[in-house]
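Next comes protein-v8.pdb, a file with PDB, C-alpha atoms.
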ATOM      1  CA  MET D   1       0.000   0.000   0.000
ATOM      2  CA  ILE D   2       2.850   2.399   0.775
ATOM      3  CA  ARG D   3       4.227   2.050  -2.745
ATOM      4  CA  ARG D   4       0.787   2.736  -4.184
ATOM      5  CA  ILE D   5       0.373   5.832  -2.016
ATOM      6  CA  LEU D   6       3.770   7.160  -3.087
ATOM      7  CA  GLY D   7       2.814   6.429  -6.681
ATOM      8  CA  LEU D   8       0.137   9.127  -6.466
ATOM      9  CA  THR D   9       1.069  12.800  -6.665
ATOM     10  CA  SER D  10      -1.286  13.616  -3.810
ATOM     11  CA  GLY D  11       0.253  10.842  -1.725
ATOM     12  CA  ARG D  12       3.781  12.125  -2.251
ATOM     13  CA  ILE D  13       2.749  15.683  -1.359
ATOM     14  CA  ALA D  14       0.977  14.522   1.816
ATOM     15  CA  VAL D  15       3.845  12.299   2.929
ATOM     16  CA  GLY D  16       6.353  15.077   2.223
ATOM     17  CA  ILE D  17       4.464  17.662   4.295
ATOM     18  CA  LEU D  18       3.862  15.261   7.177
ATOM     19  CA  ALA D  19       7.504  14.163   7.128
ATOM     20  CA  ALA D  20       8.564  17.809   7.377
ATOM     21  CA  VAL D  21       6.165  18.325  10.313
ATOM     22  CA  ALA D  22       7.547  15.210  12.012
ATOM     23  CA  LEU D  23      11.094  16.537  11.584
ATOM     24  CA  LEU D  24       9.982  19.836  13.104
ATOM     25  CA  ALA D  25       8.559  17.958  16.084
ATOM     26  CA  LEU D  26      11.806  16.017  16.546
ATOM     27  CA  PHE D  27      14.390  18.706  15.916
ATOM     28  CA  GLY D  28      12.467  21.994  16.080
ATOM     29  CA  PRO D  29      13.294  22.795  19.719
ATOM     30  CA  LEU D  30      16.967  22.028  19.012
ATOM     31  CA  LEU D  31      17.032  24.248  15.917
ATOM     32  CA  ALA D  32      15.459  27.272  17.614
ATOM     33  CA  PRO D  33      18.037  30.060  17.197
ATOM     34  CA  GLN D  34      17.019  31.744  20.469
ATOM     35  CA  ASP D  35      15.433  30.844  23.758
ATOM     36  CA  PRO D  36      11.672  30.707  23.004
ATOM     37  CA  LEU D  37      10.833  31.681  26.603
ATOM     38  CA  ALA D  38      13.238  34.589  26.951
ATOM     39  CA  GLY D  39      11.755  38.049  26.538
ATOM     40  CA  GLY D  40      13.557  41.214  25.564
ATOM     41  CA  THR D  41      13.304  44.930  25.124
ATOM     42  CA  ASP D  42      12.742  44.633  21.361
ATOM     43  CA  ILE D  43       8.928  44.324  21.550
ATOM     44  CA  LEU D  44       6.652  43.753  18.517
ATOM     45  CA  ALA D  45       9.663  44.084  16.220
ATOM     46  CA  PRO D  46       9.227  43.505  12.477
ATOM     47  CA  PRO D  47      11.035  40.630  10.707
ATOM     48  CA  SER D  48      14.799  41.050  10.591
ATOM     49  CA  ALA D  49      17.967  38.989  10.301
ATOM     50  CA  ARG D  50      17.966  38.395  14.071
ATOM     51  CA  HIS D  51      14.209  37.739  14.251
ATOM     52  CA  PRO D  52      13.007  36.190  10.926
ATOM     53  CA  LEU D  53       9.353  36.407  11.999
ATOM     54  CA  GLY D  54       9.677  39.330  14.380
ATOM     55  CA  THR D  55       8.980  39.348  18.117
ATOM     56  CA  ASP D  56       5.807  39.182  20.163
ATOM     57  CA  TYR D  57       4.443  41.518  22.831
ATOM     58  CA  LEU D  58       7.035  40.284  25.353
ATOM     59  CA  GLY D  59       9.974  40.529  22.980
ATOM     60  CA  ARG D  60      10.207  36.764  22.417
ATOM     61  CA  ASP D  61      11.407  35.493  19.038
ATOM     62  CA  VAL D  62       8.345  34.194  17.150
ATOM     63  CA  PHE D  63      10.365  31.915  14.861
ATOM     64  CA  SER D  64      11.964  30.174  17.845
ATOM     65  CA  ARG D  65       8.583  29.808  19.552
ATOM     66  CA  LEU D  66       7.077  28.178  16.459
ATOM     67  CA  LEU D  67       9.982  25.735  16.209
ATOM     68  CA  ALA D  68       9.859  24.911  19.908
ATOM     69  CA  GLY D  69       6.061  24.641  19.926
ATOM     70  CA  SER D  70       5.933  22.149  17.067
ATOM     71  CA  ARG D  71       6.739  19.212  19.352
ATOM     72  CA  LEU D  72       3.906  19.841  21.785
ATOM     73  CA  SER D  73       1.427  20.474  18.962
ATOM     74  CA  VAL D  74       2.355  17.277  17.099
ATOM     75  CA  LEU D  75       2.463  15.127  20.242
ATOM     76  CA  GLY D  76      -0.997  16.328  21.215
ATOM     77  CA  ALA D  77      -2.434  15.316  17.838
ATOM     78  CA  VAL D  78      -0.685  11.929  18.048
ATOM     79  CA  GLN D  79      -2.131  11.352  21.513
ATOM     80  CA  VAL D  80      -5.640  12.062  20.264
ATOM     81  CA  THR D  81      -5.213   9.701  17.311
ATOM     82  CA  LEU D  82      -3.705   6.802  19.263
ATOM     83  CA  MET D  83      -6.246   7.064  22.067
ATOM     84  CA  ALA D  84      -9.144   7.094  19.605
ATOM     85  CA  LEU D  85      -7.584   4.145  17.740
ATOM     86  CA  VAL D  86      -7.182   1.964  20.824
ATOM     87  CA  VAL D  87     -10.518   2.846  22.405
ATOM     88  CA  GLY D  88     -12.506   2.543  19.164
ATOM     89  CA  VAL D  89     -11.059  -0.259  17.047
ATOM     90  CA  VAL D  90     -10.877  -3.114  19.558
ATOM     91  CA  PRO D  91     -14.498  -2.801  20.796
ATOM     92  CA  GLY D  92     -15.661  -2.238  17.219
ATOM     93  CA  ILE D  93     -14.214  -5.551  16.051
ATOM     94  CA  LEU D  94     -15.197  -7.502  19.151
ATOM     95  CA  SER D  95     -18.786  -6.193  19.093
ATOM     96  CA  VAL D  96     -19.413  -8.453  16.098
ATOM     97  CA  TYR D  97     -18.252 -11.624  17.875
ATOM     98  CA  LEU D  98     -18.900 -11.272  21.635
ATOM     99  CA  GLY D  99     -22.666 -11.523  21.652
ATOM    100  CA  ARG D 100     -25.694  -9.273  21.779
ATOM    101  CA  GLY D 101     -25.039  -7.930  25.273
ATOM    102  CA  PHE D 102     -21.552  -6.604  24.509
ATOM    103  CA  GLU D 103     -22.791  -5.269  21.173
ATOM    104  CA  TRP D 104     -25.681  -3.359  22.794
ATOM    105  CA  VAL D 105     -23.468  -1.813  25.485
ATOM    106  CA  THR D 106     -20.751  -0.677  23.062
ATOM    107  CA  LEU D 107     -23.281   0.769  20.609
ATOM    108  CA  ARG D 108     -24.975   2.760  23.373
ATOM    109  CA  LEU D 109     -21.630   4.063  24.624
ATOM    110  CA  ALA D 110     -20.665   5.107  21.081
ATOM    111  CA  ASP D 111     -23.991   6.904  20.606
ATOM    112  CA  THR D 112     -23.508   8.712  23.927
ATOM    113  CA  LEU D 113     -19.996   9.893  23.026
ATOM    114  CA  ILE D 114     -21.174  11.108  19.634
ATOM    115  CA  ALA D 115     -23.867  13.223  21.280
ATOM    116  CA  LEU D 116     -21.386  15.022  23.554
ATOM    117  CA  PRO D 117     -19.548  18.154  22.313
ATOM    118  CA  PHE D 118     -15.964  16.981  22.729
ATOM    119  CA  LEU D 119     -14.358  20.424  22.938
ATOM    120  CA  VAL D 120     -16.665  21.505  25.771
ATOM    121  CA  PHE D 121     -16.186  18.163  27.510
ATOM    122  CA  ALA D 122     -12.394  18.460  27.152
ATOM    123  CA  VAL D 123     -12.512  21.894  28.789
ATOM    124  CA  ALA D 124     -14.565  20.477  31.676
ATOM    125  CA  VAL D 125     -12.237  17.509  32.220
ATOM    126  CA  THR D 126      -9.100  19.658  32.186
ATOM    127  CA  ALA D 127     -10.751  21.894  34.766
ATOM    128  CA  LEU D 128     -11.258  18.839  36.989
ATOM    129  CA  LEU D 129      -7.974  16.970  36.358
ATOM    130  CA  GLY D 130      -5.661  19.928  35.869
ATOM    131  CA  ASN D 131      -4.555  22.023  32.943
ATOM    132  CA  GLY D 132      -2.347  19.786  30.805
ATOM    133  CA  ILE D 133      -2.098  18.434  27.271
ATOM    134  CA  PRO D 134      -2.247  14.715  28.310
ATOM    135  CA  GLN D 135      -5.529  15.171  30.189
ATOM    136  CA  ALA D 136      -7.120  17.164  27.386
ATOM    137  CA  MET D 137      -5.934  14.818  24.646
ATOM    138  CA  LEU D 138      -7.012  11.730  26.593
ATOM    139  CA  THR D 139     -10.511  13.169  26.822
ATOM    140  CA  VAL D 140     -10.663  14.240  23.169
ATOM    141  CA  GLY D 141      -9.327  10.859  22.022
ATOM    142  CA  ILE D 142     -12.093   9.046  23.878
ATOM    143  CA  MET D 143     -14.686  11.435  22.470
ATOM    144  CA  VAL D 144     -13.463  10.891  18.890
ATOM    145  CA  SER D 145     -13.211   7.087  19.259
ATOM    146  CA  PRO D 146     -16.779   6.384  17.945
ATOM    147  CA  LEU D 147     -15.450   7.128  14.445
ATOM    148  CA  PHE D 148     -13.027   4.204  14.710
ATOM    149  CA  PHE D 149     -15.657   2.083  16.434
ATOM    150  CA  ARG D 150     -18.161   2.446  13.602
ATOM    151  CA  VAL D 151     -15.561   2.103  10.829
ATOM    152  CA  SER D 152     -14.039  -1.054  12.307
ATOM    153  CA  ARG D 153     -17.459  -2.520  13.136
ATOM    154  CA  ALA D 154     -18.808  -1.924   9.609
ATOM    155  CA  ALA D 155     -15.696  -3.447   8.009
ATOM    156  CA  THR D 156     -15.825  -6.422  10.372
ATOM    157  CA  LEU D 157     -19.510  -7.025   9.656
ATOM    158  CA  SER D 158     -18.817  -7.171   5.917
ATOM    159  CA  VAL D 159     -16.090  -9.757   6.501
ATOM    160  CA  ALA D 160     -18.009 -11.734   9.146
ATOM    161  CA  ARG D 161     -20.762 -12.547   6.653
ATOM    162  CA  SER D 162     -18.354 -13.977   4.095
ATOM    163  CA  PRO D 163     -18.438 -17.768   3.513
ATOM    164  CA  TYR D 164     -14.814 -18.417   4.532
ATOM    165  CA  VAL D 165     -15.271 -16.712   7.915
ATOM    166  CA  GLU D 166     -18.501 -18.600   8.560
ATOM    167  CA  ALA D 167     -16.688 -21.819   7.673
ATOM    168  CA  ALA D 168     -13.916 -20.941  10.127
ATOM    169  CA  VAL D 169     -16.492 -20.311  12.881
ATOM    170  CA  ILE D 170     -18.225 -23.613  12.181
ATOM    171  CA  SER D 171     -14.904 -25.455  12.269
ATOM    172  CA  GLY D 172     -14.276 -24.126  15.783
ATOM    173  CA  ALA D 173     -11.718 -21.391  15.130
ATOM    174  CA  SER D 174     -11.224 -18.903  17.959
ATOM    175  CA  VAL D 175     -12.194 -15.248  17.698
ATOM    176  CA  GLY D 176      -8.565 -14.182  17.981
ATOM    177  CA  TRP D 177      -7.502 -16.440  15.122
ATOM    178  CA  ILE D 178     -10.352 -15.239  12.889
ATOM    179  CA  VAL D 179      -9.499 -11.603  13.573
ATOM    180  CA  ARG D 180      -5.781 -12.115  12.879
ATOM    181  CA  ARG D 181      -6.233 -14.341   9.836
ATOM    182  CA  HIS D 182      -9.282 -12.930   8.041
ATOM    183  CA  VAL D 183     -10.618  -9.731   9.588
ATOM    184  CA  TRP D 184      -7.565  -7.551  10.164
ATOM    185  CA  ALA D 185      -6.433  -7.375   6.527
ATOM    186  CA  LYS D 186      -9.911  -6.220   5.460
ATOM    187  CA  VAL D 187     -10.369  -3.756   8.312
ATOM    188  CA  LEU D 188      -6.939  -2.131   8.014
ATOM    189  CA  PRO D 189      -7.593   0.104   4.928
ATOM    190  CA  PRO D 190     -10.699   1.884   6.323
ATOM    191  CA  ILE D 191      -8.978   2.218   9.692
ATOM    192  CA  ALA D 192      -5.963   3.797   7.971
ATOM    193  CA  ILE D 193      -8.274   6.318   6.288
ATOM    194  CA  ALA D 194      -9.939   7.125   9.611
ATOM    195  CA  LEU D 195      -6.503   7.398  11.239
ATOM    196  CA  ALA D 196      -5.344  10.015   8.748
ATOM    197  CA  ASN D 197      -8.576  11.999   9.096
ATOM    198  CA  THR D 198      -8.407  11.841  12.888
ATOM    199  CA  ALA D 199      -4.814  13.110  12.851
ATOM    200  CA  GLY D 200      -6.086  16.219  11.056
ATOM    201  CA  VAL D 201      -8.904  16.563  13.581
ATOM    202  CA  GLY D 202      -6.334  16.178  16.351
ATOM    203  CA  PHE D 203      -4.287  19.084  15.014
ATOM    204  CA  VAL D 204      -7.390  21.265  14.876
ATOM    205  CA  VAL D 205      -8.381  20.290  18.422
ATOM    206  CA  VAL D 206      -4.888  20.854  19.841
ATOM    207  CA  SER D 207      -4.646  24.215  18.106
ATOM    208  CA  SER D 208      -8.116  25.228  19.313
ATOM    209  CA  LEU D 209      -7.467  24.277  22.939
ATOM    210  CA  THR D 210      -4.022  25.880  23.084
ATOM    211  CA  PHE D 211      -5.453  28.952  21.359
ATOM    212  CA  LEU D 212      -7.820  29.238  24.317
ATOM    213  CA  GLY D 213      -4.980  28.568  26.772
ATOM    214  CA  ILE D 214      -6.306  25.121  27.712
ATOM    215  CA  GLY D 215      -4.032  22.095  28.008
ATOM    216  CA  VAL D 216      -0.761  24.036  28.173
ATOM    217  CA  ARG D 217       0.855  26.015  30.940
ATOM    218  CA  PRO D 218       2.174  29.456  29.931
ATOM    219  CA  PRO D 219       4.689  30.378  28.726
ATOM    220  CA  ALA D 220       5.141  27.021  26.962
ATOM    221  CA  PRO D 221       4.942  27.655  23.185
ATOM    222  CA  THR D 222       2.441  25.977  20.860
ATOM    223  CA  TRP D 223       1.196  26.844  17.396
ATOM    224  CA  GLY D 224      -2.240  27.737  18.723
ATOM    225  CA  GLY D 225      -0.743  29.769  21.561
ATOM    226  CA  VAL D 226       1.484  31.727  19.189
ATOM    227  CA  LEU D 227      -1.536  32.450  17.011
ATOM    228  CA  ALA D 228      -3.538  33.666  19.998
ATOM    229  CA  SER D 229      -0.767  35.970  21.184
ATOM    230  CA  ASP D 230      -0.473  37.513  17.714
ATOM    231  CA  LEU D 231      -4.163  38.344  17.333
ATOM    232  CA  GLY D 232      -4.088  40.959  20.070
ATOM    233  CA  TYR D 233      -1.596  43.129  18.217
ATOM    234  CA  LEU D 234      -2.774  43.071  14.618
ATOM    235  CA  SER D 235      -2.587  46.838  14.344
ATOM    236  CA  TYR D 236       1.171  46.628  14.934
ATOM    237  CA  ARG D 237       1.940  43.332  13.154
ATOM    238  CA  PRO D 238      -0.898  42.469  10.728
ATOM    239  CA  TRP D 239       1.171  39.716   9.102
ATOM    240  CA  ALA D 240       1.943  37.935  12.390
ATOM    241  CA  PRO D 241      -0.846  35.260  12.376
ATOM    242  CA  LEU D 242       0.173  34.105   8.897
ATOM    243  CA  ALA D 243       3.016  31.739   9.915
ATOM    244  CA  PRO D 244       1.186  29.667  12.585
ATOM    245  CA  THR D 245      -1.974  29.626  10.469
ATOM    246  CA  VAL D 246      -0.080  28.263   7.458
ATOM    247  CA  LEU D 247       1.558  25.574   9.601
ATOM    248  CA  ILE D 248      -1.767  24.404  11.041
ATOM    249  CA  MET D 249      -3.616  24.525   7.708
ATOM    250  CA  ALA D 250      -0.833  22.754   5.794
ATOM    251  CA  THR D 251      -0.677  19.947   8.371
ATOM    252  CA  VAL D 252      -4.432  19.391   8.432
ATOM    253  CA  TRP D 253      -4.590  19.552   4.622
ATOM    254  CA  ALA D 254      -1.795  16.973   4.339
ATOM    255  CA  CYS D 255      -3.644  14.611   6.717
ATOM    256  CA  ASN D 256      -6.828  14.869   4.637
ATOM    257  CA  LEU D 257      -4.832  14.469   1.427
ATOM    258  CA  LEU D 258      -3.211  11.326   2.819
ATOM    259  CA  ALA D 259      -6.641   9.937   3.734
ATOM    260  CA  ASP D 260      -7.818  10.517   0.150
ATOM    261  CA  ALA D 261      -4.686   8.815  -1.210
ATOM    262  CA  ILE D 262      -5.218   5.779   1.035
ATOM    263  CA  ARG D 263      -8.830   5.585  -0.121
ATOM    264  CA  ASP D 264      -7.755   5.761  -3.763
ATOM    265  CA  VAL D 265      -5.244   2.909  -3.497
ATOM    266  CA  SER D 266      -7.221   0.536  -1.257
ATOM    267  CA  GLY D 267     -10.060  -1.827  -2.039
ATOM    268  CA  GLU D 268     -11.713  -1.931  -5.430
ATOM    269  CA  ALA D 269     -10.491   1.560  -6.321
ATOM    270  CA  GLY D 270      -6.904   0.527  -5.637
ATOM    271  CA  ARG D 271      -7.166  -2.588  -7.750
ATOM    272  CA  ALA D 272      -8.716  -0.591 -10.600
ATOM    273  CA  LEU D 273      -5.922   1.984 -10.329
ATOM    274  CA  LEU D 274      -3.263  -0.712 -10.382
ATOM    275  CA  HIS D 275      -4.946  -2.405 -13.354
ATOM    276  CA  SER D 276      -5.123   0.852 -15.330
ATOM    277  CA  ARG D 277      -1.466   1.556 -14.656
ATOM    278  CA  THR D 278      -0.533  -1.932 -15.793
ATOM    279  CA  ILE D 279      -2.446  -1.447 -19.035
ATOM    280  CA  ARG D 280      -0.821   1.944 -19.633
ATOM    281  CA  GLY D 281       2.592   0.432 -18.998
ATOM    282  CA  ARG D 282       1.991  -2.355 -21.469
ATOM    283  CA  LEU D 283       0.709   0.063 -24.083
ATOM    284  CA  ALA D 284       3.734   2.286 -23.626
ATOM    285  CA  ALA D 285       6.047  -0.710 -23.916
ATOM    286  CA  ALA D 286       4.260  -1.854 -27.061
ATOM    287  CA  GLU D 287       4.519   1.607 -28.627
ATOM    288  CA  GLY D 288       8.219   1.796 -27.754
ATOM    289  CA  SER D 289       8.970  -1.576 -29.312
ATOM    290  CA  ALA D 290       7.017  -0.632 -32.436
TER     291      ALA D 290
END
Take the structure in the file and write it out as structure tokens.
Amino acid sequence: MIRRILGLTSGRIAVGILAAVALLALFGPLLAPQDPLAGGTDILAPPSARHPLGTDYLGRDVFSRLLAGSRLSVLGAVQVTLMALVVGVVPGILSVYLGRGFEWVTLRLADTLIALPFLVFAVAVTALLGNGIPQAMLTVGIMVSPLFFRVSRAATLSVARSPYVEAAVISGASVGWIVRRHVWAKVLPPIAIALANTAGVGFVVVSSLTFLGIGVRPPAPTWGGVLASDLGYLSYRPWAPLAPTVLIMATVWACNLLADAIRDVSGEAGRALLHSRTIRGRLAAAEGSA
């Protein structure tokens, strides 16, 4: 699947942008030219050689704060995605095989989580458990998990009704063996699509919460926090929100683009794409030999 994704232009663009964001998360704090927490007397300065993106209202270098804040922003989105994956996929698959009681309970829990506004709930939980990214992302991940639950359940239901799975059940195969041998390969593509979409949602959620000052303790830098600090001084630096906004939008766009690429190369669409490429390759080879 990875080769097919990289074979698409959209897939290469998405992977390239996300790889750059991952590198920023790994090395951004190390590459910051100045201390992102240190203020100075040069307040609301325009871009210069010393401050490529200028300074904020406390004289802190905006470029260094964006580099240093990339790690916390990316880790928050990853936490949301992994929590939603773990909480949603396993019950979604098992709800098909563990009987009517387990199925009814998990469906009701999923419906309840869908009905709750996850941003408001995240704010309430952080108020109870303390202001921190892990608490907020844990809550948001659980609230987003019904997406994975329904995707994995629908994919498992389509496989569970197939003749070879029914034959395996009749022959006495365990649920674990059936899931590993037959179900997982069919469920993986839609889960991968949901994973990419949820990563984009995670970036939006992290940026929204940190924009409001929730989940992070000042003066720790984040992309959303940098954006919020810039909005109060637009009359002095009208270009200031551009850099953090571009970073957030490019990351979310790349996640959605990757989800589209995975959809295009998986299932029937992927087989049709591979078949059309094979035909074009053969035609090109035939024209070259002629």
* Expansion of the PyMOL selection byres ((chain D and resi 190) around 12) into residues, as number ranges by chain -> D: 89, 147-156, 184-189, 191-197, 259-267
Please dump the current selection as a PDB file, keeping the file's coordinate frame; keep C-alpha atoms.
ATOM      1  CA  VAL D  89     -11.059  -0.259  17.047  1.00  0.00           C
ATOM      2  CA  LEU D 147     -15.450   7.128  14.445  1.00  0.00           C
ATOM      3  CA  PHE D 148     -13.027   4.204  14.710  1.00  0.00           C
ATOM      4  CA  PHE D 149     -15.657   2.083  16.434  1.00  0.00           C
ATOM      5  CA  ARG D 150     -18.161   2.446  13.602  1.00  0.00           C
ATOM      6  CA  VAL D 151     -15.561   2.103  10.829  1.00  0.00           C
ATOM      7  CA  SER D 152     -14.039  -1.054  12.307  1.00  0.00           C
ATOM      8  CA  ARG D 153     -17.459  -2.520  13.136  1.00  0.00           C
ATOM      9  CA  ALA D 154     -18.808  -1.924   9.609  1.00  0.00           C
ATOM     10  CA  ALA D 155     -15.696  -3.447   8.009  1.00  0.00           C
ATOM     11  CA  THR D 156     -15.825  -6.422  10.372  1.00  0.00           C
ATOM     12  CA  TRP D 184      -7.565  -7.551  10.164  1.00  0.00           C
ATOM     13  CA  ALA D 185      -6.433  -7.375   6.527  1.00  0.00           C
ATOM     14  CA  LYS D 186      -9.911  -6.220   5.460  1.00  0.00           C
ATOM     15  CA  VAL D 187     -10.369  -3.756   8.312  1.00  0.00           C
ATOM     16  CA  LEU D 188      -6.939  -2.131   8.014  1.00  0.00           C
ATOM     17  CA  PRO D 189      -7.593   0.104   4.928  1.00  0.00           C
ATOM     18  CA  ILE D 191      -8.978   2.218   9.692  1.00  0.00           C
ATOM     19  CA  ALA D 192      -5.963   3.797   7.971  1.00  0.00           C
ATOM     20  CA  ILE D 193      -8.274   6.318   6.288  1.00  0.00           C
ATOM     21  CA  ALA D 194      -9.939   7.125   9.611  1.00  0.00           C
ATOM     22  CA  LEU D 195      -6.503   7.398  11.239  1.00  0.00           C
ATOM     23  CA  ALA D 196      -5.344  10.015   8.748  1.00  0.00           C
ATOM     24  CA  ASN D 197      -8.576  11.999   9.096  1.00  0.00           C
ATOM     25  CA  ALA D 259      -6.641   9.937   3.734  1.00  0.00           C
ATOM     26  CA  ASP D 260      -7.818  10.517   0.150  1.00  0.00           C
ATOM     27  CA  ALA D 261      -4.686   8.815  -1.210  1.00  0.00           C
ATOM     28  CA  ILE D 262      -5.218   5.779   1.035  1.00  0.00           C
ATOM     29  CA  ARG D 263      -8.830   5.585  -0.121  1.00  0.00           C
ATOM     30  CA  ASP D 264      -7.755   5.761  -3.763  1.00  0.00           C
ATOM     31  CA  VAL D 265      -5.244   2.909  -3.497  1.00  0.00           C
ATOM     32  CA  SER D 266      -7.221   0.536  -1.257  1.00  0.00           C
ATOM     33  CA  GLY D 267     -10.060  -1.827  -2.039  1.00  0.00           C
TER      34      GLY D 267
END
Please provide as a short mmCIF file (atom, residue, chain, number, x, y, z; two decimals) with C-alpha atoms, keeping the file's coordinate frame all residues within 8 Å of Pro134 of chain D, with the sequence filter that same-chain residues fewer than 5 positions apart are discarded (counting all atoms listed in the file).
data_model
loop_
_atom_site.label_atom_id
_atom_site.label_comp_id
_atom_site.auth_asym_id
_atom_site.auth_seq_id
_atom_site.Cartn_x
_atom_site.Cartn_y
_atom_site.Cartn_z
CA GLY D 76 -1.00 16.33 21.22
CA GLN D 79 -2.13 11.35 21.51
CA GLY D 215 -4.03 22.10 28.01
#
* To do: Go through D:Ile142, D:Leu109, D:Val123, D:Ala38 one by one, measure the shortest atom-to-atom distance of each to Met83 of chain D using all atoms listed in the file, and give the residue with the smallest value.
  =>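 Ranked by minimum distance to Met83 of chain D, first place goes to D:Ile142.
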Each side padded by 5 Å, which centre and which edge lengths in Å (one decimal) define the axis-aligned box around the listed atoms of segment 10-19 of chain D? Give them as AutoDock Vina command-line options.
--center_x 3.1 --center_y 14.3 --center_z 1.7 --size_x 18.8 --size_y 16.8 --size_z 21.0
* Asked: So which one's closest to Thr126 of chain D, D:Gly213, D:Pro47, D:Gly69, D:Gly172? Using all atoms listed in the file, please.
  -> D:Gly213
* To do: Write out as an MDAnalysis selection string the residues lying within 12 Å of Leu258 of chain D, counting all atoms listed in the file and excluding same-chain residues fewer than 5 positions away.
  => chainID D and resid 2 4:6 8:19 192:200 251:253 263:265
* To do: Using atom CA of Gly54 of chain D and atom CA of Gly202 of chain D as the two end points, give the distance in Å to one decimal.
  => 28.2 Å
* If you measure from atom CA of Leu72 of chain D to atom CA of Ala25 of chain D, what distance in Å do you get, rounded to one decimal? -> 7.6 Å
* To do: Provide the atom CA of Val226 of chain D to atom CA of Pro238 of chain D distance in Å, to one decimal place.
  =>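 Computed distance, atom CA of Val226 of chain D to atom CA of Pro238 of chain D, equals 13.9 Å.
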* To do: Go through the shown structure with the PyMOL selection byres ((chain D and resi 122) around 9) and write out the matching residues as an MDAnalysis selection string.
  => chainID D and resid 117:121 123:127 135:140 143 209
Model the absent atoms of segment 163-176 of chain D so that N, CA and C atoms are present, and write the result as a PDB file, in the coordinates of the input.
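Output (part-v7.pdb):
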ATOM      1  N   PRO D 163     -18.382 -16.305   3.318  1.00  0.00           N
ATOM      2  CA  PRO D 163     -18.438 -17.768   3.513  1.00  0.00           C
ATOM      3  C   PRO D 163     -17.209 -18.334   4.215  1.00  0.00           C
ATOM      4  N   TYR D 164     -16.001 -17.820   3.930  1.00  0.00           N
ATOM      5  CA  TYR D 164     -14.814 -18.417   4.532  1.00  0.00           C
ATOM      6  C   TYR D 164     -14.729 -18.134   6.030  1.00  0.00           C
ATOM      7  N   VAL D 165     -15.253 -16.989   6.479  1.00  0.00           N
ATOM      8  CA  VAL D 165     -15.271 -16.712   7.915  1.00  0.00           C
ATOM      9  C   VAL D 165     -16.321 -17.576   8.604  1.00  0.00           C
ATOM     10  N   GLU D 166     -17.476 -17.726   7.981  1.00  0.00           N
ATOM     11  CA  GLU D 166     -18.501 -18.600   8.560  1.00  0.00           C
ATOM     12  C   GLU D 166     -18.013 -20.037   8.641  1.00  0.00           C
ATOM     13  N   ALA D 167     -17.254 -20.467   7.629  1.00  0.00           N
ATOM     14  CA  ALA D 167     -16.688 -21.819   7.673  1.00  0.00           C
ATOM     15  C   ALA D 167     -15.678 -21.953   8.804  1.00  0.00           C
ATOM     16  N   ALA D 168     -14.889 -20.897   9.038  1.00  0.00           N
ATOM     17  CA  ALA D 168     -13.916 -20.941  10.127  1.00  0.00           C
ATOM     18  C   ALA D 168     -14.616 -21.005  11.477  1.00  0.00           C
ATOM     19  N   VAL D 169     -15.737 -20.277  11.630  1.00  0.00           N
ATOM     20  CA  VAL D 169     -16.492 -20.311  12.881  1.00  0.00           C
ATOM     21  C   VAL D 169     -17.072 -21.695  13.114  1.00  0.00           C
ATOM     22  N   ILE D 170     -17.626 -22.281  12.056  1.00  0.00           N
ATOM     23  CA  ILE D 170     -18.225 -23.613  12.181  1.00  0.00           C
ATOM     24  C   ILE D 170     -17.169 -24.648  12.535  1.00  0.00           C
ATOM     25  N   SER D 171     -15.969 -24.486  11.996  1.00  0.00           N
ATOM     26  CA  SER D 171     -14.904 -25.455  12.269  1.00  0.00           C
ATOM     27  C   SER D 171     -14.302 -25.303  13.656  1.00  0.00           C
ATOM     28  N   GLY D 172     -14.731 -24.282  14.407  1.00  0.00           N
ATOM     29  CA  GLY D 172     -14.276 -24.126  15.783  1.00  0.00           C
ATOM     30  C   GLY D 172     -13.123 -23.174  15.972  1.00  0.00           C
ATOM     31  N   ALA D 173     -12.822 -22.342  15.002  1.00  0.00           N
ATOM     32  CA  ALA D 173     -11.718 -21.391  15.130  1.00  0.00           C
ATOM     33  C   ALA D 173     -12.054 -20.335  16.188  1.00  0.00           C
ATOM     34  N   SER D 174     -11.030 -19.906  16.910  1.00  0.00           N
ATOM     35  CA  SER D 174     -11.224 -18.903  17.959  1.00  0.00           C
ATOM     36  C   SER D 174     -11.415 -17.516  17.348  1.00  0.00           C
ATOM     37  N   VAL D 175     -11.981 -16.620  18.164  1.00  0.00           N
ATOM     38  CA  VAL D 175     -12.194 -15.248  17.698  1.00  0.00           C
ATOM     39  C   VAL D 175     -10.863 -14.576  17.379  1.00  0.00           C
ATOM     40  N   GLY D 176      -9.874 -14.783  18.219  1.00  0.00           N
ATOM     41  CA  GLY D 176      -8.565 -14.182  17.981  1.00  0.00           C
ATOM     42  C   GLY D 176      -7.947 -14.638  16.675  1.00  0.00           C
TER      43      GLY D 176
END
